[in-house]
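Structure below is model.cif: mmCIF, C-alpha atoms and all ligand atoms.
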data_input
#
loop_
_atom_site.label_atom_id
_atom_site.label_comp_id
_atom_site.auth_asym_id
_atom_site.auth_seq_id
_atom_site.Cartn_x
_atom_site.Cartn_y
_atom_site.Cartn_z
CA MET A 11 0.34 19.19 -19.93
CA PRO A 12 3.22 19.77 -17.47
CA THR A 13 2.59 18.63 -13.91
CA GLU A 14 4.08 20.20 -10.79
CA ARG A 15 5.90 17.02 -9.79
CA PRO A 16 6.94 14.13 -11.96
CA SER A 17 4.14 11.62 -12.04
CA VAL A 18 5.27 8.13 -11.04
CA GLY A 19 4.87 4.93 -13.03
CA ILE A 20 5.93 1.58 -11.54
CA ILE A 21 6.76 -1.42 -13.72
CA VAL A 22 6.60 -4.65 -11.73
CA VAL A 23 8.41 -7.37 -13.66
CA ALA A 24 6.89 -10.76 -12.93
CA ALA A 25 7.47 -12.64 -16.19
CA GLY A 26 10.38 -14.81 -15.04
CA SER A 27 10.05 -18.57 -14.88
CA GLY A 28 11.82 -19.03 -11.57
CA THR A 29 14.21 -21.74 -12.72
CA ARG A 30 16.29 -21.55 -9.54
CA LEU A 31 13.19 -21.86 -7.36
CA GLY A 32 12.22 -25.01 -9.23
CA ARG A 33 8.42 -24.88 -8.95
CA ASN A 34 6.00 -25.90 -11.66
CA VAL A 35 4.46 -22.40 -11.93
CA PRO A 36 6.23 -19.14 -12.81
CA LYS A 37 7.83 -17.72 -9.68
CA ALA A 38 5.59 -14.66 -9.25
CA PHE A 39 2.55 -16.96 -9.15
CA VAL A 40 3.96 -19.25 -6.45
CA GLU A 41 2.03 -18.82 -3.18
CA VAL A 42 3.60 -17.61 0.04
CA GLY A 43 1.34 -17.78 3.08
CA GLY A 44 -1.74 -18.29 0.89
CA ARG A 45 -1.10 -15.39 -1.51
CA SER A 46 1.00 -15.18 -4.66
CA ILE A 47 4.40 -13.53 -4.64
CA LEU A 48 3.00 -11.07 -7.21
CA SER A 49 0.09 -10.13 -4.98
CA ARG A 50 2.44 -9.55 -2.03
CA SER A 51 4.82 -7.49 -4.13
CA ILE A 52 2.22 -4.77 -4.65
CA ASP A 53 1.24 -4.46 -0.96
CA SER A 54 3.82 -1.72 -0.41
CA ILE A 55 3.09 -0.08 -3.75
CA ARG A 56 -0.52 0.35 -2.61
CA ARG A 57 0.75 2.30 0.38
CA ILE A 58 2.85 4.86 -1.48
CA SER A 59 1.56 8.24 -0.37
CA GLU A 60 0.85 9.56 -3.87
CA PRO A 61 -1.00 8.11 -6.86
CA VAL A 62 1.14 5.86 -9.06
CA GLU A 63 0.50 4.21 -12.41
CA LEU A 64 1.08 0.45 -12.13
CA VAL A 65 2.17 -1.79 -15.00
CA VAL A 66 2.59 -5.50 -14.33
CA VAL A 67 4.61 -7.64 -16.75
CA VAL A 68 3.80 -11.36 -16.67
CA PRO A 69 4.28 -14.49 -18.80
CA ALA A 70 2.11 -14.23 -21.95
CA ASP A 71 -0.14 -17.16 -20.97
CA LEU A 72 -0.93 -15.55 -17.59
CA VAL A 73 -1.98 -12.09 -18.79
CA GLY A 74 -5.66 -12.97 -18.42
CA ALA A 75 -5.28 -14.46 -14.95
CA THR A 76 -3.22 -11.64 -13.48
CA SER A 77 -5.92 -9.25 -12.30
CA THR A 78 -7.11 -11.69 -9.63
CA HIS A 79 -3.71 -11.27 -7.97
CA LEU A 80 -3.97 -7.48 -7.77
CA SER A 81 -7.36 -7.09 -6.02
CA ASP A 82 -8.79 -3.64 -6.73
CA THR A 83 -5.50 -1.88 -7.51
CA PRO A 84 -5.77 -0.15 -10.90
CA HIS A 85 -3.16 -1.61 -13.26
CA VAL A 86 -2.23 -2.49 -16.83
CA VAL A 87 -1.01 -6.03 -17.59
CA VAL A 88 1.35 -6.78 -20.43
CA ALA A 89 3.19 -9.90 -21.64
CA GLY A 90 6.91 -10.02 -20.86
CA GLY A 91 9.84 -11.35 -22.87
CA ALA A 92 12.50 -14.00 -22.61
CA THR A 93 14.74 -11.89 -20.33
CA ARG A 94 14.16 -9.38 -17.56
CA GLN A 95 15.43 -6.67 -19.88
CA GLN A 96 12.84 -7.55 -22.52
CA SER A 97 10.13 -7.61 -19.89
CA VAL A 98 11.03 -4.12 -18.63
CA ALA A 99 11.04 -2.90 -22.25
CA ALA A 100 7.52 -4.29 -22.70
CA GLY A 101 6.39 -2.43 -19.56
CA LEU A 102 7.91 0.84 -20.73
CA GLU A 103 5.91 0.59 -23.96
CA VAL A 104 2.55 0.81 -22.20
CA LEU A 105 3.19 3.57 -19.66
CA SER A 106 0.87 6.51 -20.26
CA ASP A 107 2.15 9.92 -21.35
CA ALA A 108 1.45 11.30 -17.87
CA VAL A 109 4.37 9.36 -16.36
CA ASP A 110 7.74 11.08 -16.16
CA LEU A 111 9.42 9.16 -13.32
CA VAL A 112 9.70 5.37 -13.60
CA LEU A 113 10.44 2.75 -10.96
CA VAL A 114 11.26 -0.79 -12.07
CA HIS A 115 10.61 -3.40 -9.40
CA ASP A 116 11.12 -7.17 -9.26
CA ALA A 117 7.95 -8.97 -8.20
CA ALA A 118 10.39 -11.44 -6.66
CA ARG A 119 11.24 -8.79 -4.02
CA ALA A 120 7.82 -9.30 -2.48
CA PHE A 121 8.55 -7.77 0.93
CA THR A 122 10.19 -4.47 -0.03
CA PRO A 123 8.95 -1.91 2.52
CA VAL A 124 7.11 1.17 1.27
CA ASP A 125 9.82 3.49 2.59
CA VAL A 126 12.28 2.07 0.05
CA PHE A 127 9.92 3.05 -2.78
CA GLU A 128 9.44 6.52 -1.31
CA ARG A 129 13.18 6.96 -0.74
CA VAL A 130 13.95 6.11 -4.37
CA ILE A 131 11.21 8.44 -5.69
CA ALA A 132 12.48 11.32 -3.53
CA ALA A 133 16.09 10.78 -4.62
CA VAL A 134 15.20 10.69 -8.33
CA ARG A 135 13.27 13.95 -7.88
CA SER A 136 16.19 15.57 -6.09
CA GLY A 137 18.39 14.72 -9.08
CA ALA A 138 16.51 17.15 -11.33
CA GLY A 139 15.89 14.67 -14.12
CA ALA A 140 19.52 13.65 -14.53
CA ILE A 141 20.24 10.68 -12.25
CA GLY A 142 19.22 7.12 -11.71
CA VAL A 143 18.69 5.80 -8.17
CA ILE A 144 19.07 2.25 -6.88
CA PRO A 145 18.61 0.84 -3.39
CA GLY A 146 21.55 -1.17 -2.11
CA LEU A 147 23.03 -2.82 0.96
CA PRO A 148 26.65 -3.13 2.06
CA VAL A 149 28.24 -6.48 1.27
CA THR A 150 29.03 -8.40 4.46
CA ASP A 151 30.89 -11.44 3.11
CA THR A 152 34.46 -11.29 1.92
CA ILE A 153 34.34 -11.30 -1.86
CA LYS A 154 37.03 -13.07 -3.92
CA GLY A 155 37.62 -13.30 -7.62
CA ARG A 156 38.42 -16.81 -8.92
CA ASP A 157 39.35 -18.32 -12.22
CA ALA A 158 37.40 -20.93 -14.18
CA ASP A 159 39.06 -23.72 -12.18
CA GLY A 160 37.92 -22.24 -8.89
CA VAL A 161 41.33 -20.95 -7.91
CA VAL A 162 41.18 -17.65 -6.03
CA GLN A 163 42.82 -14.81 -7.88
CA GLN A 164 42.24 -11.86 -5.55
CA THR A 165 40.23 -10.44 -2.66
CA ILE A 166 38.01 -7.56 -3.70
CA ASP A 167 37.73 -4.48 -1.45
CA ARG A 168 34.16 -4.89 -0.23
CA SER A 169 34.02 -1.40 1.31
CA ARG A 170 33.21 -0.09 -2.16
CA LEU A 171 30.72 -2.79 -3.11
CA THR A 172 26.94 -2.62 -2.89
CA ALA A 173 24.42 -5.45 -3.20
CA VAL A 174 21.80 -3.92 -5.45
CA GLN A 175 18.04 -4.28 -5.04
CA THR A 176 14.92 -2.81 -6.63
CA PRO A 177 12.92 -0.60 -7.13
CA GLN A 178 15.35 1.16 -9.43
CA GLY A 179 14.18 4.69 -10.24
CA PHE A 180 14.84 6.96 -13.20
CA PRO A 181 13.51 10.00 -15.00
CA ARG A 182 11.39 8.42 -17.73
CA ALA A 183 13.26 10.08 -20.59
CA LEU A 184 16.57 8.71 -19.32
CA LEU A 185 15.32 5.14 -18.92
CA ALA A 186 13.50 5.19 -22.26
CA GLU A 187 16.67 6.31 -24.01
CA ALA A 188 18.74 3.69 -22.18
CA TYR A 189 16.36 0.95 -23.29
CA ALA A 190 16.15 2.30 -26.84
CA ARG A 191 19.93 2.06 -27.12
CA ALA A 192 20.35 -1.17 -25.17
CA GLY A 193 22.67 -3.72 -26.68
CA GLU A 194 23.61 -6.91 -24.89
CA ASP A 195 21.39 -8.19 -22.12
CA VAL A 196 22.34 -6.87 -18.68
CA THR A 197 20.98 -7.82 -15.27
CA ASP A 198 19.63 -4.46 -14.13
CA ASP A 199 18.24 -1.18 -15.43
CA ALA A 200 20.92 0.97 -13.82
CA GLU A 201 23.58 -0.66 -15.99
CA LEU A 202 21.86 0.56 -19.17
CA VAL A 203 21.56 4.09 -17.79
CA GLN A 204 25.23 4.07 -16.81
CA GLN A 205 26.17 2.91 -20.29
CA LEU A 206 24.63 6.18 -21.51
CA GLY A 207 27.05 8.03 -19.23
CA HIS A 208 24.52 9.11 -16.61
CA PRO A 209 25.24 8.86 -12.87
CA VAL A 210 23.40 6.30 -10.77
CA HIS A 211 23.22 6.95 -7.02
CA VAL A 212 22.78 4.36 -4.28
CA VAL A 213 20.30 4.90 -1.43
CA PRO A 214 19.82 2.51 1.49
CA GLY A 215 17.96 -0.67 0.62
CA ASP A 216 16.42 -3.05 3.15
CA GLU A 217 17.12 -6.61 4.29
CA ARG A 218 13.46 -7.47 3.79
CA SER A 219 13.80 -6.56 0.12
CA PHE A 220 15.68 -9.81 -0.63
CA LYS A 221 14.90 -11.44 -3.97
CA ILE A 222 13.05 -14.75 -3.68
CA THR A 223 15.40 -16.79 -5.86
CA ASN A 224 16.24 -20.16 -4.29
CA PRO A 225 14.10 -22.59 -2.23
CA HIS A 226 15.69 -21.25 0.96
CA ASP A 227 14.42 -17.73 0.10
CA LEU A 228 10.92 -19.15 -0.09
CA GLU A 229 11.25 -20.49 3.46
CA ARG A 230 12.33 -17.03 4.61
CA ALA A 231 9.38 -15.52 2.75
CA GLU A 232 6.97 -17.95 4.48
CA GLU A 233 8.32 -16.79 7.84
CA LEU A 234 7.72 -13.14 6.94
CA ALA A 235 4.23 -13.94 5.69
CA ALA A 236 3.26 -15.87 8.83
CA PRO A 237 0.47 -14.29 10.91
CA GLY A 238 1.98 -11.90 13.44
CA ALA A 239 5.27 -11.50 11.56
CA ARG A 240 6.03 -7.98 10.41
CA ALA A 241 7.22 -7.84 6.82
CA SER A 242 7.99 -4.14 7.10
CA ALA A 243 8.66 -1.54 9.75
CA PRO A 244 5.41 -0.28 11.29
CA HIS A 245 4.00 2.73 9.49
CA TRP A 246 1.73 4.67 11.84
CA ARG A 247 -0.86 7.03 10.44
CA THR A 248 -3.36 9.30 12.16
CA GLY A 249 -6.83 10.16 10.96
CA ILE A 250 -9.61 12.57 11.87
CA GLY A 251 -13.34 12.35 11.13
CA VAL A 252 -16.24 14.67 11.89
CA ASP A 253 -19.95 14.04 11.49
CA ALA A 254 -23.08 15.99 12.36
CA HIS A 255 -26.77 15.14 12.08
CA ALA A 256 -29.84 17.25 12.84
CA TYR A 257 -32.54 15.82 15.08
CA ALA A 258 -35.38 14.27 13.11
CA SER A 259 -38.45 16.49 12.71
CA ASP A 260 -41.68 15.75 14.54
CA ASP A 261 -43.20 14.82 11.16
CA ALA A 262 -40.71 12.01 10.66
CA PRO A 263 -39.63 10.90 14.13
CA ALA A 264 -36.75 8.46 14.46
CA GLU A 265 -35.17 6.36 17.18
CA LEU A 266 -31.84 7.55 18.51
CA TRP A 267 -28.77 5.39 17.78
CA VAL A 268 -25.43 6.74 18.94
CA ALA A 269 -22.11 4.93 19.40
CA GLY A 270 -23.72 1.73 18.20
CA LEU A 271 -26.28 1.83 21.03
CA HIS A 272 -30.03 2.32 20.98
CA TRP A 273 -31.23 5.16 23.24
CA PRO A 274 -34.93 4.51 23.98
CA GLY A 275 -36.99 7.61 24.72
CA GLU A 276 -34.44 10.00 23.20
CA ARG A 277 -35.09 12.06 20.10
CA GLY A 278 -33.58 10.44 17.02
CA LEU A 279 -31.40 11.93 14.30
CA ALA A 280 -32.28 12.53 10.64
CA GLY A 281 -30.23 10.80 7.96
CA HIS A 282 -30.13 8.22 5.17
CA SER A 283 -28.79 5.72 7.68
CA ASP A 284 -29.55 5.74 11.41
CA GLY A 285 -27.56 8.99 11.82
CA ASP A 286 -25.06 7.52 14.29
CA VAL A 287 -22.59 10.43 14.32
CA VAL A 288 -20.08 8.59 16.49
CA ALA A 289 -19.89 5.59 14.16
CA HIS A 290 -19.71 7.79 11.07
CA ALA A 291 -16.96 10.02 12.47
CA ILE A 292 -14.94 6.90 13.36
CA CYS A 293 -15.32 5.50 9.81
CA ASP A 294 -14.14 8.77 8.28
CA ALA A 295 -11.13 8.90 10.60
CA LEU A 296 -10.14 5.30 9.81
CA LEU A 297 -10.65 5.58 6.04
CA GLY A 298 -8.77 8.88 5.94
CA ALA A 299 -5.84 7.54 7.96
CA SER A 300 -5.52 4.59 5.57
CA GLY A 301 -5.89 6.63 2.39
CA LEU A 302 -9.01 4.67 1.52
CA GLY A 303 -11.37 7.58 0.85
CA ASP A 304 -14.20 8.57 3.13
CA LEU A 305 -17.67 7.53 4.25
CA GLY A 306 -19.42 9.27 1.34
CA SER A 307 -17.25 7.75 -1.37
CA ARG A 308 -17.20 4.26 0.15
CA PHE A 309 -20.82 3.95 1.30
CA GLY A 310 -22.85 6.35 -0.84
CA THR A 311 -26.45 7.25 -0.13
CA SER A 312 -27.31 5.67 -3.51
CA ASP A 313 -26.81 2.19 -1.98
CA PRO A 314 -30.32 1.02 -0.97
CA ALA A 315 -28.78 -1.66 1.28
CA LEU A 316 -27.54 1.12 3.55
CA ALA A 317 -30.86 2.92 3.98
CA GLY A 318 -31.46 3.00 7.74
CA ALA A 319 -28.29 0.95 8.32
CA HIS A 320 -26.92 1.00 11.83
CA GLY A 321 -23.49 2.38 12.62
CA GLU A 322 -22.23 -1.14 13.29
CA VAL A 323 -22.66 -2.02 9.59
CA PHE A 324 -20.44 0.88 8.50
CA LEU A 325 -17.88 0.13 11.20
CA ARG A 326 -17.59 -3.54 10.25
CA ARG A 327 -17.29 -2.74 6.54
CA THR A 328 -14.66 -0.10 7.31
CA ARG A 329 -12.65 -2.54 9.39
CA ASP A 330 -12.82 -5.06 6.50
CA LEU A 331 -11.59 -2.45 4.01
CA LEU A 332 -8.64 -1.55 6.24
CA GLU A 333 -7.72 -5.18 6.82
CA GLN A 334 -7.90 -5.99 3.10
CA ALA A 335 -5.51 -3.09 2.48
CA GLY A 336 -3.14 -4.43 5.15
CA PHE A 337 -3.89 -1.93 7.93
CA THR A 338 -4.46 -2.69 11.60
CA ILE A 339 -6.34 -0.27 13.83
CA GLY A 340 -4.24 1.02 16.74
CA ASN A 341 -6.89 2.92 18.68
CA VAL A 342 -9.79 5.31 18.26
CA SER A 343 -10.82 8.28 20.40
CA VAL A 344 -14.16 10.03 19.86
CA GLN A 345 -15.93 13.01 21.38
CA LEU A 346 -19.69 13.36 21.11
CA ILE A 347 -20.90 16.98 21.26
CA GLY A 348 -24.51 17.73 22.26
CA ASN A 349 -26.91 18.26 25.14
CA ARG A 350 -28.60 14.86 25.04
CA PRO A 351 -28.45 11.92 25.51
CA ARG A 352 -26.61 11.96 28.85
CA PHE A 353 -23.76 9.83 27.73
CA SER A 354 -21.63 9.06 30.77
CA PRO A 355 -23.91 6.39 32.33
CA ARG A 356 -23.48 4.27 29.17
CA LYS A 357 -19.88 5.17 28.27
CA ALA A 358 -18.46 1.81 29.37
CA GLU A 359 -21.14 -0.03 27.36
CA ALA A 360 -20.39 2.07 24.24
CA ASP A 361 -16.62 1.65 24.58
CA ALA A 362 -16.95 -2.13 24.96
CA LEU A 363 -19.27 -2.49 21.96
CA LEU A 364 -17.17 -0.33 19.62
CA THR A 365 -13.97 -1.98 20.82
CA SER A 366 -15.35 -5.41 19.99
CA ILE A 367 -16.57 -4.29 16.54
CA LEU A 368 -13.23 -2.74 15.56
CA GLY A 369 -10.92 -5.14 17.40
CA ALA A 370 -9.00 -2.20 18.86
CA PRO A 371 -9.45 0.10 21.88
CA VAL A 372 -12.17 2.72 21.37
CA SER A 373 -12.89 5.44 23.89
CA VAL A 374 -15.89 7.76 23.60
CA SER A 375 -16.36 10.88 25.69
CA ALA A 376 -19.09 13.51 25.51
CA THR A 377 -19.38 17.23 26.11
CA THR A 378 -21.91 20.03 25.80
CA THR A 379 -21.09 23.44 24.35
CA ASP A 380 -22.42 25.77 27.05
CA GLY A 381 -25.50 26.38 24.92
CA LEU A 382 -23.42 27.58 21.97
CA GLY A 383 -23.83 26.54 18.33
CA PHE A 384 -26.34 24.13 16.82
CA ALA A 385 -25.51 21.41 19.33
CA GLY A 386 -26.02 23.91 22.17
CA ARG A 387 -29.38 24.91 20.74
CA ALA A 388 -30.33 21.22 20.72
CA GLU A 389 -30.69 21.11 16.92
CA GLY A 390 -28.57 18.01 16.53
CA LEU A 391 -25.40 16.13 17.48
CA THR A 392 -21.78 16.24 16.31
CA ALA A 393 -18.93 13.79 16.83
CA ILE A 394 -15.21 14.17 16.23
CA ALA A 395 -13.02 11.07 16.02
CA THR A 396 -9.27 10.59 15.82
CA CYS A 397 -7.46 7.33 15.30
CA LEU A 398 -4.14 5.63 14.72
CA VAL A 399 -3.73 2.89 12.15
CA VAL A 400 -0.64 0.87 11.36
CA GLY A 401 0.18 -0.69 8.04
N1 LIG A 501 12.05 -12.94 -18.67
C1 LIG A 501 11.96 -12.42 -17.45
C2 LIG A 501 12.86 -12.78 -16.43
C3 LIG A 501 12.71 -12.21 -15.17
N2 LIG A 501 11.70 -11.36 -14.95
C4 LIG A 501 11.48 -10.81 -13.62
O1 LIG A 501 12.63 -10.19 -13.12
C5 LIG A 501 12.69 -10.32 -11.71
C6 LIG A 501 14.09 -10.76 -11.28
O2 LIG A 501 14.42 -11.96 -11.95
P1 LIG A 501 14.78 -13.35 -11.25
O3 LIG A 501 14.59 -13.29 -9.82
O4 LIG A 501 16.06 -13.79 -11.79
O5 LIG A 501 13.57 -14.24 -11.79
P2 LIG A 501 13.56 -15.45 -12.77
O6 LIG A 501 14.21 -15.09 -14.07
O7 LIG A 501 12.16 -15.90 -12.84
O8 LIG A 501 14.44 -16.51 -11.97
P3 LIG A 501 15.42 -17.62 -12.52
O9 LIG A 501 16.62 -16.89 -13.05
O10 LIG A 501 15.72 -18.47 -11.36
O11 LIG A 501 14.69 -18.35 -13.63
C7 LIG A 501 11.62 -11.31 -11.31
O12 LIG A 501 10.58 -10.64 -10.64
C8 LIG A 501 11.19 -11.91 -12.61
O13 LIG A 501 9.81 -12.29 -12.67
C9 LIG A 501 10.82 -11.00 -15.98
O14 LIG A 501 9.91 -10.23 -15.77
N3 LIG A 501 10.98 -11.54 -17.22
C1 LIG A 502 17.56 -6.23 -10.86
C2 LIG A 502 18.19 -7.09 -9.80
O1 LIG A 502 17.22 -7.59 -8.94
C3 LIG A 502 19.13 -6.22 -8.97
O2 LIG A 502 19.77 -7.00 -8.04
C4 LIG A 502 18.94 -8.24 -10.38
O3 LIG A 502 19.99 -7.76 -11.17
C5 LIG A 502 18.08 -9.20 -11.15
O4 LIG A 502 18.96 -10.18 -11.66
P1 LIG A 502 18.52 -11.64 -12.00
O5 LIG A 502 19.72 -12.30 -12.51
O6 LIG A 502 17.45 -11.52 -13.02
O7 LIG A 502 18.05 -12.26 -10.73
#

Using the file provided, produce a representation of the structure as structure tokens.
Amino acid sequence: MPTERPSVGIIVVAAGSGTRLGRNVPKAFVEVGGRSILSRSIDSIRRISEPVELVVVVPADLVGATSTHLSDTPHVVVAGGATRQQSVAAGLEVLSDAVDLVLVHDAARAFTPVDVFERVIAAVRSGAGAIGVIPGLPVTDTIKGRDADGVVQQTIDRSRLTAVQTPQGFPRALLAEAYARAGEDVTDDAELVQQLGHPVHVVPGDERSFKITNPHDLERAEELAAPGARASAPHWRTGIGVDAHAYASDDAPAELWVAGLHWPGERGLAGHSDGDVVAHAICDALLGASGLGDLGSRFGTSDPALAGAHGEVFLRRTRDLLEQAGFTIGNVSVQLIGNRPRFSPRKAEADALLTSILGAPVSVSATTTDGLGFAGRAEGLTAIATCLVVG
């Protein structure tokens, strides 16, 4: 069935042995800062702002062990071949029919920022199914041609040279045809597409997208992976979350918990958990900003462990989910809407508690609605939260 926009498939080739790196495990499975190169190479893919189909190509004896390197990212694993070209061909074989735009990415480029992926996807789309797109950087060294004895023959005009990176993007039909007709082994996908006579355009690559090839590259990778180092330009995202709970009925009274605090003597809220609207609105804002779903899909009412759970439980779990996905919370701002409790005397206490739970500044304010709406009629409480996250 035709889709409005080409649906994206990404083949991550990770089946190389890493001869030049000289380790005793295949390169993509070498650890950098406690995580494999393969695992790091999909960090940015997880952040692409649309769903993508992921195929990972690995050495045949590591097919079974690969999933542990990809956490919960949906993927298909397939055994690669003796050359990069054969490995890409193996990946192409298992893409589903839904995919009509393919990116091929080297796992060895473990720190490629997400904007490079998005730039390549956008450029392929703008080419109306007819062009290939590769990220590249200007060459900064002087480049000379030499003969087999090492004698310089000429200086090559570097102004027209590009150092080519991945992901390389193509309309699926074009890449499939290029691979079907491929002859001699070449070093990148664009070469095969060009051999068919199709144009390949260069878009800006990124210095951080270097290929981990030699031992020195591994040192550079360790530096980028070190705590506090930024492997990619900060990507700020905003989120919004709203929650409302009715007051508990007199038949089933409850204690009031709002903003992580217990409010003795106040009428409690009804709900599967403790009904902490402030905590729940914050979770929704954070999950939404990070593209990680929402409170309902992450912490469903079917989970008996969450019956009566306090807001703090949801907040801590939400923070963990964001951190696992590589996001850091910038700040959170929340407004509580309702007649009671009188919030301002405990604002500082609430801010301090929520700030310590989330490890980022949280500010809660409160307002009434001049008697309007369900909050004004004292039927319940609402909270609206906004946040910034960076990833
Ligand atoms: N048979 C191969 C060879 C390479 N690759 C992948 O292609 C990318 C680029 O290749 P390169 O950096 O040259 O990796 P290796 O071939 O492993 O390195 P070396 O040439 O040093 O052995 C890497 O992610 C690598 O895993 C692959 O999937 N299958
Ligand atoms: C695809 C590539 O990364 C673009 O620079 C490069 O051609 C891979 O070549 P290698 O010889 O397999 O490293």

**Request:** Kindly compile the residues surrounding ligand LIG 502 (chain A) within 7 Å, counting all atoms listed in the file, and format them as a ChimeraX atom specification.
**Result:** /A:94,116,173-176,197-199,221

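Every protein, DNA or RNA residue with an atom at most 9 Å from Thr365 in chain A, where all atoms listed in the file count and chain neighbours fewer than 6 positions away do not, is listed here: Asn341, Val342, Pro371, Val372 and Ser373 of chain A.
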
Can I get the selection written as an mmCIF file, in the frame of the given file, with C-alpha atoms?
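Final output, saved to result.cif:
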data_model
loop_
_atom_site.group_PDB
_atom_site.id
_atom_site.type_symbol
_atom_site.label_atom_id
_atom_site.label_comp_id
_atom_site.auth_asym_id
_atom_site.auth_seq_id
_atom_site.Cartn_x
_atom_site.Cartn_y
_atom_site.Cartn_z
ATOM 1 C CA ASN A 341 -6.890 2.920 18.680
ATOM 2 C CA VAL A 342 -9.790 5.310 18.260
ATOM 3 C CA PRO A 371 -9.450 0.100 21.880
ATOM 4 C CA VAL A 372 -12.170 2.720 21.370
ATOM 5 C CA SER A 373 -12.890 5.440 23.890
#

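Look at Pro84 in chain A: the protein and nucleic acid residues within 10 Å of it, using all atoms listed in the file and passing over chain neighbours fewer than 6 places away, are Arg56, Val62, Glu63, Leu64, Val65 and Ser77 of chain A.
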
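CA of Ala258 in chain A sits 8.5 Å away from CA of Gly390 in chain A.
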
**Site check for ligand LIG 501 (chain A): residues at most 8 Å away, all atoms listed in the file, as a ChimeraX atom specification** = /A:22-32,36-38,67-69,90-98,115-119,221-224

**Request:** Between A:Gln204, A:Ala395, A:Ser375, A:Ala190, single out the one closest to Lys357 in chain A, counting all atoms listed in the file.
**Result:**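 Of the candidates, the smallest distance to Lys357 in chain A is held by A:Ser375.
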
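Of the residues under consideration (A:Asp107, A:Asp216, A:Asp304, A:Asp157), A:Asp107 shows the shortest atom-to-atom contact distance to Ala183 in chain A when counting only C-alpha atoms.
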
**Request:** Go through A:Ala393, A:Val323, A:Leu111, A:Val210 and flag the residue nearest Ile367 in chain A, using only C-alpha atoms for the distances.
**Result:**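 Among the listed residues, A:Val323 lies closest to Ile367 in chain A.
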
**Residues near Arg182 in chain A, cut-off 8 Å, all atoms listed in the file, skip fewer than 5 positions along chain, as a VMD selection string** = chain A and resid 109 to 112

**Message:** To one decimal place in Å, what is the distance between CA of Val374 in chain A and CA of Val288 in chain A?
**Reply:** 8.3 Å

Report, as lines of an AutoDock Vina configuration file, the centre and edge lengths in Å (one decimal) of the axis-aligned box enclosing every listed atom of range 165-169 of chain A, padded by 5 Å on each side.
center_x = 37.1
center_y = -5.9
center_z = -1.2
size_x = 16.2
size_y = 19.0
size_z = 15.0

**Neighbour list for Leu346 in chain A as a list of chain:residue names, cut-off 10 Å, all atoms listed in the file, skip fewer than 6 positions in-chain** = A:Val252, A:Asp253, A:Ala254, A:Val268, A:Ala269, A:Val287, A:Val288, A:Ala291, A:Phe353, A:Val374, A:Ser375, A:Ala376, A:Thr377, A:Thr378, A:Leu391, A:Thr392, A:Ala393, A:Ile394, A:Ala395

Return range 220-231 of chain A, completed with N, CA and C atoms, as a PDB file, in the frame of the given file.
ATOM      1  N   PHE A 220      14.923  -8.734   0.039  1.00  0.00           N
ATOM      2  CA  PHE A 220      15.680  -9.810  -0.630  1.00  0.00           C
ATOM      3  C   PHE A 220      14.863 -10.364  -1.808  1.00  0.00           C
ATOM      4  N   LYS A 221      15.572 -10.881  -2.776  1.00  0.00           N
ATOM      5  CA  LYS A 221      14.900 -11.440  -3.970  1.00  0.00           C
ATOM      6  C   LYS A 221      14.628 -12.922  -3.727  1.00  0.00           C
ATOM      7  N   ILE A 222      13.383 -13.329  -3.829  1.00  0.00           N
ATOM      8  CA  ILE A 222      13.050 -14.750  -3.680  1.00  0.00           C
ATOM      9  C   ILE A 222      13.612 -15.440  -4.920  1.00  0.00           C
ATOM     10  N   THR A 223      14.689 -16.195  -4.729  1.00  0.00           N
ATOM     11  CA  THR A 223      15.400 -16.790  -5.860  1.00  0.00           C
ATOM     12  C   THR A 223      15.504 -18.311  -5.696  1.00  0.00           C
ATOM     13  N   ASN A 224      16.006 -18.739  -4.540  1.00  0.00           N
ATOM     14  CA  ASN A 224      16.240 -20.160  -4.290  1.00  0.00           C
ATOM     15  C   ASN A 224      15.200 -20.697  -3.286  1.00  0.00           C
ATOM     16  N   PRO A 225      15.087 -22.037  -3.171  1.00  0.00           N
ATOM     17  CA  PRO A 225      14.100 -22.590  -2.230  1.00  0.00           C
ATOM     18  C   PRO A 225      14.265 -22.043  -0.806  1.00  0.00           C
ATOM     19  N   HIS A 226      15.491 -21.780  -0.391  1.00  0.00           N
ATOM     20  CA  HIS A 226      15.690 -21.250   0.960  1.00  0.00           C
ATOM     21  C   HIS A 226      15.025 -19.869   1.119  1.00  0.00           C
ATOM     22  N   ASP A 227      15.056 -19.060   0.035  1.00  0.00           N
ATOM     23  CA  ASP A 227      14.420 -17.730   0.100  1.00  0.00           C
ATOM     24  C   ASP A 227      12.917 -17.859   0.312  1.00  0.00           C
ATOM     25  N   LEU A 228      12.360 -18.947  -0.247  1.00  0.00           N
ATOM     26  CA  LEU A 228      10.920 -19.150  -0.090  1.00  0.00           C
ATOM     27  C   LEU A 228      10.582 -19.468   1.374  1.00  0.00           C
ATOM     28  N   GLU A 229      11.464 -20.212   2.030  1.00  0.00           N
ATOM     29  CA  GLU A 229      11.250 -20.490   3.460  1.00  0.00           C
ATOM     30  C   GLU A 229      11.272 -19.184   4.257  1.00  0.00           C
ATOM     31  N   ARG A 230      12.237 -18.322   3.923  1.00  0.00           N
ATOM     32  CA  ARG A 230      12.330 -17.030   4.610  1.00  0.00           C
ATOM     33  C   ARG A 230      11.072 -16.196   4.349  1.00  0.00           C
ATOM     34  N   ALA A 231      10.592 -16.268   3.114  1.00  0.00           N
ATOM     35  CA  ALA A 231       9.380 -15.520   2.750  1.00  0.00           C
ATOM     36  C   ALA A 231       8.182 -16.042   3.551  1.00  0.00           C
TER      37      ALA A 231
END
